[in-house]
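Engineer: This is protein.pdb, which holds PDB, C-alpha atoms and all ligand atoms:
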ATOM      1  CA  MET A   1       3.224 -15.623   2.393
ATOM      2  CA  LEU A   2       4.313 -12.314   4.041
ATOM      3  CA  SER A   3       5.210 -12.600   7.709
ATOM      4  CA  ALA A   4       6.646 -10.182  10.217
ATOM      5  CA  GLU A   5       7.781 -11.514  13.586
ATOM      6  CA  GLY A   6       8.960  -9.696  16.672
ATOM      7  CA  ILE A   7       9.240  -6.340  14.911
ATOM      8  CA  HIS A   8      10.751  -3.471  16.851
ATOM      9  CA  HIS A   9      11.375  -0.073  15.352
ATOM     10  CA  ALA A  10      12.739   3.135  16.792
ATOM     11  CA  TYR A  11      13.454   6.518  15.273
ATOM     12  CA  GLY A  12      16.596   7.512  17.119
ATOM     13  CA  ARG A  13      15.826   6.746  20.746
ATOM     14  CA  VAL A  14      12.070   6.856  20.330
ATOM     15  CA  ALA A  15      10.527   3.375  20.104
ATOM     16  CA  VAL A  16       7.506   3.278  17.771
ATOM     17  CA  LEU A  17       6.900  -0.468  17.358
ATOM     18  CA  GLU A  18       7.624  -3.080  20.013
ATOM     19  CA  ASP A  19       7.342  -6.800  19.361
ATOM     20  CA  VAL A  20       4.749  -6.624  16.589
ATOM     21  CA  ASP A  21       3.766  -9.705  14.561
ATOM     22  CA  LEU A  22       1.725  -9.613  11.360
ATOM     23  CA  SER A  23       0.996 -12.120   8.624
ATOM     24  CA  LEU A  24      -0.735 -11.914   5.281
ATOM     25  CA  ALA A  25      -1.713 -14.871   3.090
ATOM     26  CA  ALA A  26      -2.186 -14.952  -0.692
ATOM     27  CA  GLY A  27      -5.489 -13.330  -1.636
ATOM     28  CA  GLU A  28      -6.177 -12.215   1.929
ATOM     29  CA  VAL A  29      -7.312  -8.695   2.840
ATOM     30  CA  VAL A  30      -6.060  -7.634   6.270
ATOM     31  CA  GLY A  31      -6.762  -4.346   8.019
ATOM     32  CA  LEU A  32      -4.262  -2.422  10.134
ATOM     33  CA  GLY A  33      -5.728   0.112  12.531
ATOM     34  CA  GLY A  34      -4.673   2.125  15.546
ATOM     35  CA  PRO A  35      -4.587   5.726  16.718
ATOM     36  CA  SER A  36      -2.567   8.426  15.045
ATOM     37  CA  GLY A  37       1.122   7.951  15.812
ATOM     38  CA  SER A  38       0.786   4.270  16.749
ATOM     39  CA  GLY A  39       3.158   3.267  13.956
ATOM     40  CA  LYS A  40       0.842   2.045  11.159
ATOM     41  CA  SER A  41       2.742   3.792   8.349
ATOM     42  CA  THR A  42       6.062   2.793   9.873
ATOM     43  CA  LEU A  43       4.974  -0.863   9.875
ATOM     44  CA  GLY A  44       3.701  -0.535   6.296
ATOM     45  CA  ARG A  45       7.032   0.864   5.137
ATOM     46  CA  LEU A  46       8.929  -1.857   7.015
ATOM     47  CA  LEU A  47       6.805  -4.577   5.389
ATOM     48  CA  ALA A  48       7.553  -3.120   1.953
ATOM     49  CA  GLY A  49      11.292  -3.012   2.646
ATOM     50  CA  ARG A  50      11.448   0.791   2.607
ATOM     51  CA  LEU A  51      12.791   0.800   6.161
ATOM     52  CA  SER A  52      14.779  -1.832   8.085
ATOM     53  CA  PRO A  53      13.453  -2.887  11.488
ATOM     54  CA  SER A  54      15.556  -2.271  14.578
ATOM     55  CA  ALA A  55      14.878  -5.951  15.409
ATOM     56  CA  GLY A  56      12.727  -8.772  14.072
ATOM     57  CA  ARG A  57      12.263 -10.669  10.822
ATOM     58  CA  ILE A  58      10.203  -9.893   7.728
ATOM     59  CA  CYS A  59       9.925 -12.739   5.221
ATOM     60  CA  LEU A  60       8.157 -13.394   1.944
ATOM     61  CA  ASP A  61       7.523 -17.109   1.432
ATOM     62  CA  GLY A  62       9.908 -17.870   4.311
ATOM     63  CA  ALA A  63      12.864 -15.929   2.863
ATOM     64  CA  PRO A  64      13.994 -12.390   3.763
ATOM     65  CA  LEU A  65      12.521  -9.724   1.500
ATOM     66  CA  PRO A  66      14.566  -9.343  -1.688
ATOM     67  CA  GLY A  67      16.454  -6.057  -1.980
ATOM     68  CA  THR A  68      15.193  -3.499  -4.434
ATOM     69  CA  ALA A  69      16.919  -3.245  -7.806
ATOM     70  CA  PRO A  70      16.586  -0.509 -10.410
ATOM     71  CA  ARG A  71      13.944  -1.247 -13.058
ATOM     72  CA  ARG A  72      12.898  -4.458 -11.292
ATOM     73  CA  PRO A  73       9.538  -4.015  -9.592
ATOM     74  CA  ALA A  74       9.485  -5.250  -5.997
ATOM     75  CA  PRO A  75       7.013  -8.016  -5.034
ATOM     76  CA  VAL A  76       5.795  -5.979  -2.046
ATOM     77  CA  GLN A  77       4.584  -2.497  -2.937
ATOM     78  CA  TYR A  78       3.600   0.414  -0.662
ATOM     79  CA  ALA A  79       1.028   3.009  -1.728
ATOM     80  CA  PRO A  80       1.092   6.213   0.385
ATOM     81  CA  GLN A  81      -1.928   8.224   1.522
ATOM     82  CA  VAL A  82      -1.241  11.136  -0.794
ATOM     83  CA  PRO A  83      -0.891   9.948  -4.406
ATOM     84  CA  GLU A  84       0.662  13.282  -5.399
ATOM     85  CA  LEU A  85       3.729  12.207  -3.375
ATOM     86  CA  ALA A  86       4.045   8.955  -5.332
ATOM     87  CA  VAL A  87       3.938  10.311  -8.858
ATOM     88  CA  ASP A  88       5.957  12.891 -10.776
ATOM     89  CA  PRO A  89       3.674  15.909 -11.361
ATOM     90  CA  PHE A  90       5.321  16.616 -14.738
ATOM     91  CA  TRP A  91       4.813  13.109 -16.165
ATOM     92  CA  THR A  92       1.784  12.110 -18.194
ATOM     93  CA  VAL A  93      -0.461   9.361 -16.865
ATOM     94  CA  GLY A  94       0.831   7.097 -19.651
ATOM     95  CA  ARG A  95       4.432   7.596 -18.514
ATOM     96  CA  ILE A  96       3.494   7.108 -14.849
ATOM     97  CA  LEU A  97       1.825   3.807 -15.726
ATOM     98  CA  ASP A  98       4.850   2.659 -17.772
ATOM     99  CA  ASN A  99       7.313   3.326 -14.961
ATOM    100  CA  GLY A 100       8.884   0.072 -13.751
ATOM    101  CA  GLY A 101       7.329  -2.164 -16.384
ATOM    102  CA  THR A 102       4.462  -2.419 -18.817
ATOM    103  CA  PRO A 103       1.171  -1.819 -17.017
ATOM    104  CA  ASP A 104      -1.212  -4.721 -16.811
ATOM    105  CA  PRO A 105      -4.197  -3.879 -19.083
ATOM    106  CA  LEU A 106      -6.574  -6.031 -17.050
ATOM    107  CA  ALA A 107      -5.574  -4.276 -13.817
ATOM    108  CA  LEU A 108      -6.040  -0.883 -15.485
ATOM    109  CA  ALA A 109      -9.513  -1.912 -16.609
ATOM    110  CA  ALA A 110     -10.383  -3.444 -13.234
ATOM    111  CA  LEU A 111      -9.429  -0.230 -11.436
ATOM    112  CA  GLY A 112     -11.274   1.877 -14.000
ATOM    113  CA  VAL A 113      -8.251   3.720 -15.425
ATOM    114  CA  ALA A 114      -9.527   5.256 -18.674
ATOM    115  CA  PRO A 115      -7.301   5.303 -21.787
ATOM    116  CA  ALA A 116      -8.443   8.908 -22.294
ATOM    117  CA  TRP A 117      -6.402   9.959 -19.243
ATOM    118  CA  HIS A 118      -3.053   8.790 -20.692
ATOM    119  CA  ASP A 119      -2.007  12.167 -22.112
ATOM    120  CA  ARG A 120      -3.017  14.124 -19.006
ATOM    121  CA  ARG A 121      -0.814  15.108 -16.080
ATOM    122  CA  PRO A 122      -1.719  14.332 -12.432
ATOM    123  CA  VAL A 123      -3.145  17.814 -11.828
ATOM    124  CA  GLU A 124      -5.608  17.197 -14.674
ATOM    125  CA  LEU A 125      -7.245  14.242 -12.856
ATOM    126  CA  SER A 126      -9.689  14.207  -9.951
ATOM    127  CA  GLY A 127      -8.420  12.920  -6.595
ATOM    128  CA  GLY A 128     -10.190   9.598  -7.128
ATOM    129  CA  GLU A 129      -8.849   9.214 -10.663
ATOM    130  CA  LEU A 130      -5.293   9.927  -9.507
ATOM    131  CA  ALA A 131      -5.675   7.421  -6.655
ATOM    132  CA  ARG A 132      -6.653   4.759  -9.212
ATOM    133  CA  VAL A 133      -3.676   5.604 -11.450
ATOM    134  CA  SER A 134      -1.196   5.545  -8.573
ATOM    135  CA  LEU A 135      -2.472   2.089  -7.509
ATOM    136  CA  ALA A 136      -2.753   0.686 -11.050
ATOM    137  CA  ARG A 137       0.902   1.424 -11.761
ATOM    138  CA  LEU A 138       1.875  -1.008  -8.960
ATOM    139  CA  PHE A 139       0.134  -4.009 -10.589
ATOM    140  CA  HIS A 140       3.052  -5.650 -12.385
ATOM    141  CA  PRO A 141       3.231  -9.456 -12.854
ATOM    142  CA  ALA A 142       5.587  -9.988  -9.889
ATOM    143  CA  LEU A 143       3.309  -8.200  -7.386
ATOM    144  CA  ARG A 144       2.542 -10.421  -4.364
ATOM    145  CA  VAL A 145       1.567  -7.976  -1.636
ATOM    146  CA  LEU A 146       0.100  -4.475  -1.818
ATOM    147  CA  ILE A 147       0.166  -2.193   1.211
ATOM    148  CA  CYS A 148      -2.344   0.659   0.986
ATOM    149  CA  ASP A 149      -1.749   3.385   3.555
ATOM    150  CA  GLU A 150      -4.984   5.383   3.997
ATOM    151  CA  VAL A 151      -5.271   5.557   0.192
ATOM    152  CA  THR A 152      -8.949   6.515   0.287
ATOM    153  CA  ALA A 153      -8.755   8.995   3.167
ATOM    154  CA  GLN A 154      -9.029  11.997   0.833
ATOM    155  CA  LEU A 155     -11.941  10.644  -1.220
ATOM    156  CA  ASP A 156     -15.675  11.105  -0.788
ATOM    157  CA  ALA A 157     -17.762   8.130   0.370
ATOM    158  CA  LEU A 158     -18.861   7.059  -3.117
ATOM    159  CA  GLU A 159     -15.382   7.213  -4.636
ATOM    160  CA  GLN A 160     -13.967   5.450  -1.560
ATOM    161  CA  ALA A 161     -16.437   2.565  -1.931
ATOM    162  CA  THR A 162     -15.911   2.333  -5.707
ATOM    163  CA  LEU A 163     -12.140   2.179  -5.365
ATOM    164  CA  LEU A 164     -12.119  -0.345  -2.508
ATOM    165  CA  ASP A 165     -14.715  -2.574  -4.212
ATOM    166  CA  ARG A 166     -12.581  -2.644  -7.361
ATOM    167  CA  LEU A 167      -9.266  -3.013  -5.535
ATOM    168  CA  THR A 168     -10.310  -5.867  -3.228
ATOM    169  CA  ALA A 169     -11.951  -7.754  -6.129
ATOM    170  CA  LEU A 170      -8.727  -7.421  -8.124
ATOM    171  CA  THR A 171      -6.345  -8.516  -5.362
ATOM    172  CA  ARG A 172      -8.545 -11.463  -4.329
ATOM    173  CA  ASN A 173      -8.842 -12.553  -7.956
ATOM    174  CA  ARG A 174      -5.050 -12.333  -8.459
ATOM    175  CA  ARG A 175      -4.245 -13.961  -5.069
ATOM    176  CA  ILE A 176      -2.359 -10.806  -4.052
ATOM    177  CA  GLY A 177      -2.218 -10.096  -0.326
ATOM    178  CA  LEU A 178      -3.692  -6.681   0.516
ATOM    179  CA  LEU A 179      -2.979  -4.735   3.716
ATOM    180  CA  ILE A 180      -5.420  -1.858   4.204
ATOM    181  CA  ILE A 181      -4.026   0.654   6.683
ATOM    182  CA  SER A 182      -6.925   2.740   7.973
ATOM    183  CA  HIS A 183      -7.963   4.365  11.218
ATOM    184  CA  ASN A 184     -11.574   3.761  10.085
ATOM    185  CA  ALA A 185     -12.841   0.630  11.866
ATOM    186  CA  ALA A 186     -16.077   0.507   9.830
ATOM    187  CA  LEU A 187     -14.139   0.552   6.575
ATOM    188  CA  ARG A 188     -11.840  -2.238   7.787
ATOM    189  CA  ALA A 189     -14.824  -4.319   8.942
ATOM    190  CA  ARG A 190     -16.460  -3.947   5.546
ATOM    191  CA  TYR A 191     -13.493  -4.824   3.341
ATOM    192  CA  CYS A 192     -11.065  -6.902   5.423
ATOM    193  CA  ASP A 193     -11.094 -10.591   6.349
ATOM    194  CA  ARG A 194      -9.607  -9.618   9.704
ATOM    195  CA  SER A 195      -7.957  -6.633  11.344
ATOM    196  CA  GLN A 196      -5.045  -5.960  13.627
ATOM    197  CA  VAL A 197      -4.878  -2.833  15.763
ATOM    198  CA  LEU A 198      -1.678  -1.145  16.981
ATOM    199  CA  GLY A 199      -1.277   0.964  20.097
TER     200      GLY A 199
HETATM  201  N1  LIG B 201      11.284   9.535   9.851
HETATM  202  C1  LIG B 201      10.875   9.723  11.106
HETATM  203  N2  LIG B 201      11.721  10.219  12.029
HETATM  204  C2  LIG B 201      11.324  10.387  13.321
HETATM  205  N3  LIG B 201      10.104  10.064  13.780
HETATM  206  C3  LIG B 201       9.226   9.577  12.900
HETATM  207  C4  LIG B 201       9.563   9.377  11.520
HETATM  208  N4  LIG B 201       8.486   8.846  10.898
HETATM  209  C5  LIG B 201       7.524   8.736  11.830
HETATM  210  N5  LIG B 201       7.952   9.163  13.027
HETATM  211  C6  LIG B 201       7.220   9.173  14.288
HETATM  212  O1  LIG B 201       6.842   7.826  14.541
HETATM  213  C7  LIG B 201       5.536   7.779  15.136
HETATM  214  C8  LIG B 201       4.658   6.854  14.307
HETATM  215  O2  LIG B 201       4.438   7.454  13.046
HETATM  216  P1  LIG B 201       3.582   6.731  11.939
HETATM  217  O3  LIG B 201       3.464   7.668  10.785
HETATM  218  O4  LIG B 201       4.126   5.379  11.676
HETATM  219  O5  LIG B 201       2.173   6.570  12.694
HETATM  220  P2  LIG B 201       0.709   6.329  12.126
HETATM  221  O6  LIG B 201       0.038   5.378  13.059
HETATM  222  O7  LIG B 201       0.790   5.924  10.693
HETATM  223  O8  LIG B 201       0.078   7.780  12.245
HETATM  224  P3  LIG B 201      -1.114   8.486  11.385
HETATM  225  O9  LIG B 201      -2.346   7.650  11.575
HETATM  226  O10 LIG B 201      -1.239   9.838  12.015
HETATM  227  O11 LIG B 201      -0.639   8.559   9.954
HETATM  228  C9  LIG B 201       5.035   9.217  15.202
HETATM  229  O12 LIG B 201       5.244   9.691  16.518
HETATM  230  C10 LIG B 201       5.926   9.953  14.213
HETATM  231  O13 LIG B 201       6.132  11.289  14.586
END
Using the file provided, produce a representation of the structure as structure tokens.
Structural biologist:
Amino acid sequence: MLSAEGIHHAYGRVAVLEDVDLSLAAGEVVGLGGPSGSGKSTLGRLLAGRLSPSAGRICLDGAPLPGTAPRRPAPVQYAPQVPELAVDPFWTVGRILDNGGTPDPLALAALGVAPAWHDRRPVELSGGELARVSLARLFHPALRVLICDEVTAQLDALEQATLLDRLTALTRNRRIGLLIISHNAALRARYCDRSQVLG
């Protein structure tokens, strides 16, 4: 489904990724590990079309990734480590969830997003609750691949397990490919079908 072949990326003259391949099938959960600075987030952003590679091909179903268009949710979504960076702090949860299309009620329920939160603002949620909201808003009908970049790194062990149990059940059930970027090898071994390590 999603494939990256021969990916090179440099920031200016500094090469970060050299000849990296990665593939992700429908419903598969793949881990991406590696030391700090090895290029995990860069690869995640490339796969979601947020950056263009210096060289190499990234395809969804054999065709180059479609360009992004206003108000049309992209089939490959990237969730950053810090949910506060992904949501407007002045918006209510209801407005955050509506952004880019009507939220999927089954995804909201599966991720444990409570209707009672809809009138609150991000600062009025716990870290785990905000992480769920920022992921739930990405589950639109066209979603094919979700890239989660250390999304549980700020959560305690119980909240981390709850979120990843719910998230992996949802993506497997929907046949959405899930890339879990994490430096935590034990976490990747527990939740991923296989892992790839950079650096
Ligand atoms: N926009 C940018 N401009 C210049 N250099 C950058 C930029 N973004 C990242 N880098 C550099 O690219 C390298 C890889 O960064 P990246 O964030 O992809 O690594 P990472 O493996 O995700 O690291 P971490 O685990 O610490 O989050 C780092 O040396 C970083 O400083």
Engineer: Go through A:Ala26, A:Thr42, A:Ser126, A:Pro115 and flag the residue nearest ligand LIG 201 (chain B), using only C-alpha atoms and all ligand atoms for the distances.
Structural biologist: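 Smallest distance to ligand LIG 201 (chain B) is found for A:Thr42.
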Engineer: Expanded to explicit residues, what is the PyMOL selection byres (((not hetatm)) within 7 of (chain B and resi 201)) for this file, as an MDAnalysis selection string?
Structural biologist: chainID A and resid 11 16 34:43 183
Engineer: The residues within 12 Å of (2.3, -8.5, 12.3), using all atoms listed in the file and the coordinates of the file, should be reported as a short mmCIF file (atom, residue, chain, number, x, y, z; two decimals) with C-alpha atoms, keeping the file's coordinate frame; which are they?
Structural biologist:
data_model
loop_
_atom_site.label_atom_id
_atom_site.label_comp_id
_atom_site.auth_asym_id
_atom_site.auth_seq_id
_atom_site.Cartn_x
_atom_site.Cartn_y
_atom_site.Cartn_z
CA LEU A 2 4.31 -12.31 4.04
CA SER A 3 5.21 -12.60 7.71
CA ALA A 4 6.65 -10.18 10.22
CA GLU A 5 7.78 -11.51 13.59
CA GLY A 6 8.96 -9.70 16.67
CA ILE A 7 9.24 -6.34 14.91
CA HIS A 8 10.75 -3.47 16.85
CA LEU A 17 6.90 -0.47 17.36
CA GLU A 18 7.62 -3.08 20.01
CA ASP A 19 7.34 -6.80 19.36
CA VAL A 20 4.75 -6.62 16.59
CA ASP A 21 3.77 -9.70 14.56
CA LEU A 22 1.72 -9.61 11.36
CA SER A 23 1.00 -12.12 8.62
CA LEU A 24 -0.74 -11.91 5.28
CA ALA A 25 -1.71 -14.87 3.09
CA VAL A 30 -6.06 -7.63 6.27
CA GLY A 31 -6.76 -4.35 8.02
CA LEU A 32 -4.26 -2.42 10.13
CA GLY A 33 -5.73 0.11 12.53
CA GLY A 39 3.16 3.27 13.96
CA LYS A 40 0.84 2.04 11.16
CA LEU A 43 4.97 -0.86 9.88
CA GLY A 44 3.70 -0.54 6.30
CA LEU A 46 8.93 -1.86 7.02
CA LEU A 47 6.80 -4.58 5.39
CA GLY A 56 12.73 -8.77 14.07
CA ARG A 57 12.26 -10.67 10.82
CA ILE A 58 10.20 -9.89 7.73
CA CYS A 59 9.93 -12.74 5.22
CA LEU A 179 -2.98 -4.74 3.72
CA SER A 195 -7.96 -6.63 11.34
CA GLN A 196 -5.04 -5.96 13.63
CA VAL A 197 -4.88 -2.83 15.76
CA LEU A 198 -1.68 -1.14 16.98
#
Engineer: Hey, what comes out of the PyMOL selection byres (((chain A and resi 104) around 9) and not hetatm) on this file? Could you write it as a PyMOL selection string?
Structural biologist: chain A and resi 101-103+105-109+136-137+139-141
Engineer: Convert the current residue selection to file output with C-alpha atoms, as a short mmCIF file (atom, residue, chain, number, x, y, z; two decimals), in the frame of the given file.
Structural biologist:
data_model
loop_
_atom_site.label_atom_id
_atom_site.label_comp_id
_atom_site.auth_asym_id
_atom_site.auth_seq_id
_atom_site.Cartn_x
_atom_site.Cartn_y
_atom_site.Cartn_z
CA GLY A 101 7.33 -2.16 -16.38
CA THR A 102 4.46 -2.42 -18.82
CA PRO A 103 1.17 -1.82 -17.02
CA PRO A 105 -4.20 -3.88 -19.08
CA LEU A 106 -6.57 -6.03 -17.05
CA ALA A 107 -5.57 -4.28 -13.82
CA LEU A 108 -6.04 -0.88 -15.48
CA ALA A 109 -9.51 -1.91 -16.61
CA ALA A 136 -2.75 0.69 -11.05
CA ARG A 137 0.90 1.42 -11.76
CA PHE A 139 0.13 -4.01 -10.59
CA HIS A 140 3.05 -5.65 -12.38
CA PRO A 141 3.23 -9.46 -12.85
#
Engineer: Determine, counting only C-alpha atoms, which protein, DNA and RNA residues have an atom within 10 Å of an atom of A:Gly94; residues of the same chain fewer than 6 positions away are not included. Present the result as an mmCIF file with C-alpha atoms, in the frame of the given file.
Structural biologist:
data_model
loop_
_atom_site.group_PDB
_atom_site.id
_atom_site.type_symbol
_atom_site.label_atom_id
_atom_site.label_comp_id
_atom_site.auth_asym_id
_atom_site.auth_seq_id
_atom_site.Cartn_x
_atom_site.Cartn_y
_atom_site.Cartn_z
ATOM 1 C CA PRO A 103 1.171 -1.819 -17.017
ATOM 2 C CA PRO A 115 -7.301 5.303 -21.787
ATOM 3 C CA ALA A 116 -8.443 8.908 -22.294
ATOM 4 C CA TRP A 117 -6.402 9.959 -19.243
ATOM 5 C CA HIS A 118 -3.053 8.790 -20.692
ATOM 6 C CA ASP A 119 -2.007 12.167 -22.112
ATOM 7 C CA ARG A 120 -3.017 14.124 -19.006
ATOM 8 C CA ARG A 121 -0.814 15.108 -16.080
ATOM 9 C CA VAL A 133 -3.676 5.604 -11.450
ATOM 10 C CA ARG A 137 0.902 1.424 -11.761
#
Engineer: Can you list, as a ChimeraX atom specification, every protein, DNA or RNA residue that comes within 8 Å of A:Ile147 when you count all atoms listed in the file, leaving out same-chain residues fewer than 2 positions away?
Structural biologist: /A:44,48,76-79,145,149,178-181
Engineer: Evaluate the PyMOL selection byres (((chain A and resi 152) around 9) and not hetatm) here and jot the selected residues down as a list in words.
Structural biologist: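 Evaluating the PyMOL selection byres (((chain A and resi 152) around 9) and not hetatm) on this file yields Gln81, Gly128, Ala131, Cys148, Asp149, Glu150, Val151, Ala153, Gln154, Leu155, Asp156, Ala157, Glu159, Gln160, Ala161, Leu163, Leu164 and Ser182 of chain A.
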Engineer: For atom CA of A:Gly62 and atom CA of A:Ala15, quote the distance in Å rounded to one decimal.
Structural biologist: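 Atom-to-atom, atom CA of A:Gly62 and atom CA of A:Ala15 are spaced 26.5 Å apart.
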Engineer: Report the distance between atom CA of A:Ala110 and atom CA of A:Pro80 in Å, rounded to one decimal place.
Structural biologist: 20.3 Å
